[in-house]
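Here's the structure, in structure tokens; my notes come after.
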Amino acid sequence: MQTVVVKGRVFNYSHAMGRGSDGGIGFRNPVDLALNSDGVMFVLSRGSDANPVQRVTVLTMEEEFIREFGGPGEDDGQFVWATAIAFDSEGLLYLADEWLNRISVFDQDGNFIRKWGVPGREAGQLNGPAGIVFDNQDNLFITENLNHRVQKFTKEGRFILKWGT
């Protein structure tokens, strides 16, 4: 194990995980990950323009492959340019898609539950959702690449507030 100290913080390197792959245990351009309450990893891969993998790989910290879900496309449960994932307090996984300007919701088995989001520049509309995070009251904060702002929504998609231009 290697130990690195950066600005007074100690980081212990354990091991690397995954490999370049279009399916199974590997990843193709992984852009985000989220841990569920059991410590299981959900890794979001979006591939490239030439190789649009678009999937979530579910695995343990010991690299035990559990499942994958998603796929390239615009239908329910698919994504075009996925950017971020986060869990709400009930264990549902939220996925931001910068191309489709929507949030898709999945259960931990990868089943599509619902989606929300309206493209645009007005309050409550999305234009390039790039990052997501939940607060301790289950409100979802979304950063938008093309609107250069942060918006706050309920997890059902009801607009609460925004800042930035």
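The way I read the labels, and the way they are meant: chains A, B, ... in the order of the structure tokens, residue 1 as the first residue of every chain, and ligand 1 as the first ligand shown, with later ones counted on from there.
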Closest atom pairs, residues of range 38-102 of chain A within 12 Å of range 18-24 of chain A, only C-alpha atoms, as a tab-separated table:
```
residue	atom	partner	partner_atom	distance
A:Met41	CA	A:Gly18	CA	11.7
A:Val43	CA	A:Gly18	CA	10.2
A:Leu44	CA	A:Gly23	CA	12.0
A:Ser45	CA	A:Asp22	CA	9.0
A:Arg46	CA	A:Asp22	CA	9.9
A:Gly47	CA	A:Asp22	CA	8.0
A:Ser48	CA	A:Asp22	CA	10.9
A:Asn51	CA	A:Asp22	CA	8.6
A:Pro52	CA	A:Asp22	CA	9.1
A:Val53	CA	A:Asp22	CA	6.2
A:Gln54	CA	A:Asp22	CA	9.2
A:Arg55	CA	A:Gly23	CA	8.5
A:Val56	CA	A:Gly23	CA	9.8
A:Thr57	CA	A:Gly24	CA	7.3
A:Val58	CA	A:Gly24	CA	9.2
A:Leu59	CA	A:Gly24	CA	9.5
A:Thr60	CA	A:Gly18	CA	11.1
A:Met61	CA	A:Gly18	CA	10.3
A:Glu62	CA	A:Gly18	CA	10.3
A:Glu63	CA	A:Gly18	CA	7.3
A:Glu64	CA	A:Gly24	CA	10.1
A:Phe65	CA	A:Gly24	CA	6.9
A:Ile66	CA	A:Gly24	CA	8.9
A:Arg67	CA	A:Gly24	CA	7.6
A:Glu68	CA	A:Gly24	CA	7.1
A:Phe69	CA	A:Gly23	CA	10.0
A:Gly70	CA	A:Gly23	CA	11.3
A:Gly71	CA	A:Gly23	CA	10.6
A:Pro72	CA	A:Asp22	CA	11.9
```
Let's have the selection written as a PDB file, in the first residue's frame, with C-alpha atoms.
```
ATOM      1  CA  MET A  41     -20.458   0.824  -6.784  1.00  0.00           C
ATOM      2  CA  VAL A  43     -20.114   3.375 -12.367  1.00  0.00           C
ATOM      3  CA  LEU A  44     -21.424   5.508 -15.234  1.00  0.00           C
ATOM      4  CA  SER A  45     -19.645   4.982 -18.577  1.00  0.00           C
ATOM      5  CA  ARG A  46     -20.557   7.014 -21.620  1.00  0.00           C
ATOM      6  CA  GLY A  47     -18.100   5.793 -24.230  1.00  0.00           C
ATOM      7  CA  SER A  48     -17.381   8.160 -27.099  1.00  0.00           C
ATOM      8  CA  ASN A  51     -18.387   4.041 -29.513  1.00  0.00           C
ATOM      9  CA  PRO A  52     -21.444   5.151 -27.485  1.00  0.00           C
ATOM     10  CA  VAL A  53     -21.424   2.580 -24.676  1.00  0.00           C
ATOM     11  CA  GLN A  54     -23.832   4.461 -22.344  1.00  0.00           C
ATOM     12  CA  ARG A  55     -24.260   2.136 -19.389  1.00  0.00           C
ATOM     13  CA  VAL A  56     -24.091   1.819 -15.634  1.00  0.00           C
ATOM     14  CA  THR A  57     -21.898  -0.997 -14.318  1.00  0.00           C
ATOM     15  CA  VAL A  58     -22.741  -2.356 -10.868  1.00  0.00           C
ATOM     16  CA  LEU A  59     -19.917  -4.069  -8.970  1.00  0.00           C
ATOM     17  CA  THR A  60     -18.433  -4.611  -5.541  1.00  0.00           C
ATOM     18  CA  MET A  61     -15.208  -3.078  -4.271  1.00  0.00           C
ATOM     19  CA  GLU A  62     -13.642  -6.519  -4.829  1.00  0.00           C
ATOM     20  CA  GLU A  63     -14.530  -6.209  -8.563  1.00  0.00           C
ATOM     21  CA  GLU A  64     -17.336  -8.742  -8.424  1.00  0.00           C
ATOM     22  CA  PHE A  65     -19.567  -7.927 -11.390  1.00  0.00           C
ATOM     23  CA  ILE A  66     -23.245  -7.726 -10.414  1.00  0.00           C
ATOM     24  CA  ARG A  67     -25.011  -6.284 -13.465  1.00  0.00           C
ATOM     25  CA  GLU A  68     -25.097  -3.477 -15.981  1.00  0.00           C
ATOM     26  CA  PHE A  69     -28.008  -1.477 -17.334  1.00  0.00           C
ATOM     27  CA  GLY A  70     -28.818   1.323 -19.739  1.00  0.00           C
ATOM     28  CA  GLY A  71     -27.679   1.672 -23.292  1.00  0.00           C
ATOM     29  CA  PRO A  72     -27.373   4.250 -26.049  1.00  0.00           C
TER      30      PRO A  72
END
```
Practice task
Compare A:Ser14, A:Ser104, A:Ser89, A:Gln78 by their minimum atom-to-atom distance to Asn36 in chain A, counting only C-alpha atoms, and give me the closest one.
Solution key: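 Among the listed residues, the smallest separation from Asn36 in chain A belongs to A:Ser89.
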Under the rule of at most 12 Å, produce a per-residue listing of range 75-100 of chain A near range 132-152 of chain A: chain, number, name, the closest pair of atoms, and the distance in Å, as a Markdown table, using only C-alpha atoms.
```
| residue | atom | partner | partner_atom | distance |
| --- | --- | --- | --- | --- |
| A:Ala82 | CA | A:Ile132 | CA | 11.4 |
| A:Thr83 | CA | A:Ile132 | CA | 8.8 |
| A:Ala84 | CA | A:Ile132 | CA | 6.1 |
| A:Ile85 | CA | A:Ile132 | CA | 6.7 |
| A:Ala86 | CA | A:Val133 | CA | 6.0 |
| A:Phe87 | CA | A:Phe134 | CA | 7.5 |
| A:Asp88 | CA | A:Asp138 | CA | 6.1 |
| A:Ser89 | CA | A:Asp138 | CA | 6.5 |
| A:Glu90 | CA | A:Asp138 | CA | 9.1 |
| A:Gly91 | CA | A:Asp138 | CA | 11.0 |
| A:Leu92 | CA | A:Asp138 | CA | 11.0 |
| A:Leu93 | CA | A:Phe134 | CA | 10.9 |
| A:Tyr94 | CA | A:Ile132 | CA | 8.3 |
| A:Leu95 | CA | A:Ile132 | CA | 8.1 |
| A:Ala96 | CA | A:Ile132 | CA | 7.1 |
| A:Asp97 | CA | A:Ile132 | CA | 10.5 |
| A:Glu98 | CA | A:Asn145 | CA | 8.0 |
| A:Trp99 | CA | A:Leu146 | CA | 10.7 |
```
Go ahead and dump the residues you just picked, all heavy atoms, as a short mmCIF file (atom, residue, chain, number, x, y, z; two decimals), in the first residue's frame.
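So the final result, stored in out.cif, reads:
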```cif
data_model
loop_
_atom_site.label_atom_id
_atom_site.label_comp_id
_atom_site.auth_asym_id
_atom_site.auth_seq_id
_atom_site.Cartn_x
_atom_site.Cartn_y
_atom_site.Cartn_z
N ALA A 82 -24.71 10.84 -20.97
CA ALA A 82 -24.86 10.82 -19.51
C ALA A 82 -23.68 11.51 -18.85
O ALA A 82 -22.55 11.39 -19.30
CB ALA A 82 -24.98 9.38 -19.04
N THR A 83 -23.95 12.24 -17.78
CA THR A 83 -22.91 13.02 -17.13
C THR A 83 -22.73 12.73 -15.65
O THR A 83 -21.62 12.87 -15.13
CB THR A 83 -23.18 14.53 -17.27
OG1 THR A 83 -24.49 14.80 -16.74
CG2 THR A 83 -23.10 14.97 -18.71
N ALA A 84 -23.80 12.36 -14.94
CA ALA A 84 -23.68 12.24 -13.49
C ALA A 84 -24.77 11.33 -12.94
O ALA A 84 -25.84 11.20 -13.52
CB ALA A 84 -23.81 13.62 -12.84
N ILE A 85 -24.45 10.69 -11.78
CA ILE A 85 -25.42 9.85 -11.08
C ILE A 85 -25.35 10.14 -9.58
O ILE A 85 -24.32 10.55 -9.06
CB ILE A 85 -25.18 8.35 -11.34
CG1 ILE A 85 -23.75 7.94 -11.02
CG2 ILE A 85 -25.54 7.99 -12.77
CD1 ILE A 85 -23.47 6.45 -11.18
N ALA A 86 -26.50 9.94 -8.91
CA ALA A 86 -26.57 10.14 -7.46
C ALA A 86 -27.75 9.36 -6.91
O ALA A 86 -28.76 9.20 -7.60
CB ALA A 86 -26.72 11.63 -7.12
N PHE A 87 -27.62 8.90 -5.66
CA PHE A 87 -28.70 8.20 -4.98
C PHE A 87 -29.49 9.15 -4.10
O PHE A 87 -28.91 10.01 -3.43
CB PHE A 87 -28.14 7.08 -4.09
CG PHE A 87 -27.74 5.86 -4.84
CD1 PHE A 87 -26.40 5.57 -5.04
CD2 PHE A 87 -28.70 4.99 -5.34
CE1 PHE A 87 -26.02 4.43 -5.73
CE2 PHE A 87 -28.32 3.85 -6.03
CZ PHE A 87 -26.98 3.57 -6.22
N ASP A 88 -30.82 8.97 -4.06
CA ASP A 88 -31.63 9.69 -3.08
C ASP A 88 -31.66 8.86 -1.79
O ASP A 88 -31.05 7.78 -1.71
CB ASP A 88 -33.03 9.99 -3.62
CG ASP A 88 -33.93 8.76 -3.78
OD1 ASP A 88 -33.55 7.65 -3.35
OD2 ASP A 88 -35.03 8.92 -4.33
N SER A 89 -32.36 9.33 -0.78
CA SER A 89 -32.36 8.66 0.53
C SER A 89 -33.10 7.32 0.50
O SER A 89 -32.94 6.50 1.39
CB SER A 89 -32.98 9.57 1.59
OG SER A 89 -34.36 9.76 1.31
N GLU A 90 -33.92 7.09 -0.53
CA GLU A 90 -34.65 5.83 -0.64
C GLU A 90 -33.90 4.80 -1.48
O GLU A 90 -34.40 3.70 -1.71
CB GLU A 90 -36.03 6.09 -1.24
CG GLU A 90 -36.90 6.96 -0.36
CD GLU A 90 -38.22 7.33 -1.02
OE1 GLU A 90 -38.43 6.98 -2.20
OE2 GLU A 90 -39.03 7.96 -0.35
N GLY A 91 -32.72 5.16 -1.98
CA GLY A 91 -31.92 4.23 -2.76
C GLY A 91 -32.22 4.22 -4.24
O GLY A 91 -31.77 3.32 -4.95
N LEU A 92 -32.97 5.20 -4.73
CA LEU A 92 -33.19 5.31 -6.17
C LEU A 92 -32.02 6.06 -6.80
O LEU A 92 -31.48 7.01 -6.21
CB LEU A 92 -34.49 6.04 -6.48
CG LEU A 92 -35.77 5.31 -6.04
CD1 LEU A 92 -36.99 6.17 -6.33
CD2 LEU A 92 -35.88 3.95 -6.71
N LEU A 93 -31.62 5.63 -7.99
CA LEU A 93 -30.48 6.22 -8.69
C LEU A 93 -30.98 7.22 -9.73
O LEU A 93 -31.81 6.89 -10.58
CB LEU A 93 -29.67 5.12 -9.39
CG LEU A 93 -28.39 5.59 -10.08
CD1 LEU A 93 -27.35 5.98 -9.04
CD2 LEU A 93 -27.85 4.51 -11.00
N TYR A 94 -30.46 8.44 -9.66
CA TYR A 94 -30.82 9.52 -10.60
C TYR A 94 -29.65 9.71 -11.55
O TYR A 94 -28.50 9.74 -11.13
CB TYR A 94 -31.10 10.81 -9.83
CG TYR A 94 -32.39 10.76 -9.06
CD1 TYR A 94 -32.56 9.88 -7.99
CD2 TYR A 94 -33.46 11.57 -9.42
CE1 TYR A 94 -33.76 9.81 -7.31
CE2 TYR A 94 -34.66 11.51 -8.73
CZ TYR A 94 -34.80 10.62 -7.68
OH TYR A 94 -35.98 10.55 -7.00
N LEU A 95 -29.95 9.85 -12.84
CA LEU A 95 -28.94 9.99 -13.87
C LEU A 95 -29.24 11.22 -14.70
O LEU A 95 -30.35 11.39 -15.20
CB LEU A 95 -28.95 8.73 -14.75
CG LEU A 95 -27.92 8.67 -15.87
CD1 LEU A 95 -27.46 7.23 -16.05
CD2 LEU A 95 -28.48 9.20 -17.17
N ALA A 96 -28.24 12.10 -14.85
CA ALA A 96 -28.38 13.31 -15.67
C ALA A 96 -27.88 13.03 -17.08
O ALA A 96 -26.82 12.45 -17.26
CB ALA A 96 -27.59 14.47 -15.05
N ASP A 97 -28.65 13.47 -18.06
CA ASP A 97 -28.27 13.32 -19.47
C ASP A 97 -28.17 14.71 -20.09
O ASP A 97 -29.18 15.40 -20.24
CB ASP A 97 -29.28 12.47 -20.23
CG ASP A 97 -28.81 12.09 -21.61
OD1 ASP A 97 -28.41 12.99 -22.38
OD2 ASP A 97 -28.86 10.90 -21.95
N GLU A 98 -26.96 15.09 -20.44
CA GLU A 98 -26.69 16.44 -20.97
C GLU A 98 -27.31 16.64 -22.35
O GLU A 98 -27.70 17.75 -22.70
CB GLU A 98 -25.18 16.64 -21.02
CG GLU A 98 -24.75 18.07 -21.22
CD GLU A 98 -23.25 18.22 -21.06
OE1 GLU A 98 -22.49 17.37 -21.56
OE2 GLU A 98 -22.85 19.20 -20.42
N TRP A 99 -27.40 15.59 -23.15
CA TRP A 99 -27.94 15.71 -24.50
C TRP A 99 -29.46 15.74 -24.48
O TRP A 99 -30.08 16.54 -25.19
CB TRP A 99 -27.45 14.53 -25.35
CG TRP A 99 -27.91 14.59 -26.77
CD1 TRP A 99 -29.02 13.99 -27.29
CD2 TRP A 99 -27.29 15.29 -27.85
NE1 TRP A 99 -29.12 14.27 -28.62
CE2 TRP A 99 -28.06 15.08 -28.99
CE3 TRP A 99 -26.14 16.08 -27.94
CZ2 TRP A 99 -27.74 15.61 -30.22
CZ3 TRP A 99 -25.82 16.60 -29.17
CH2 TRP A 99 -26.61 16.38 -30.29
#
```
Handout entry: Among the residues A:Pro30, A:Asp38, A:Ala123, A:Ile113, the one that comes closest to Phe153 in chain A [using only C-alpha atoms]
Key =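 Going through A:Pro30, A:Asp38, A:Ala123, A:Ile113 one by one, the smallest distance to Phe153 in chain A is for A:Ala123.
Interatomic distance, CA of Val40 in chain A against CA of Lys155 in chain A: 21.9 Å.
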Problem - Those in range 8-165 of chain A with strand (DSSP E) from DSSP, as a VMD selection string - result: chain A and resid 9 to 13 30 to 35 41 to 45 55 to 59 65 to 69 82 to 87 93 to 97 102 to 106 112 to 116 129 to 134 139 to 144 149 to 154 159 to 163
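Candidate residues A:Asn127, A:Gln2, A:Asn111, A:Asn29 were compared for distance to Asp49 in chain A, and the nearest is A:Asn29, using only C-alpha atoms.
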Problem - One-decimal distance in Å that lies between CA of Leu100 in chain A and CA of Leu161 in chain A - result: 21.4 Å
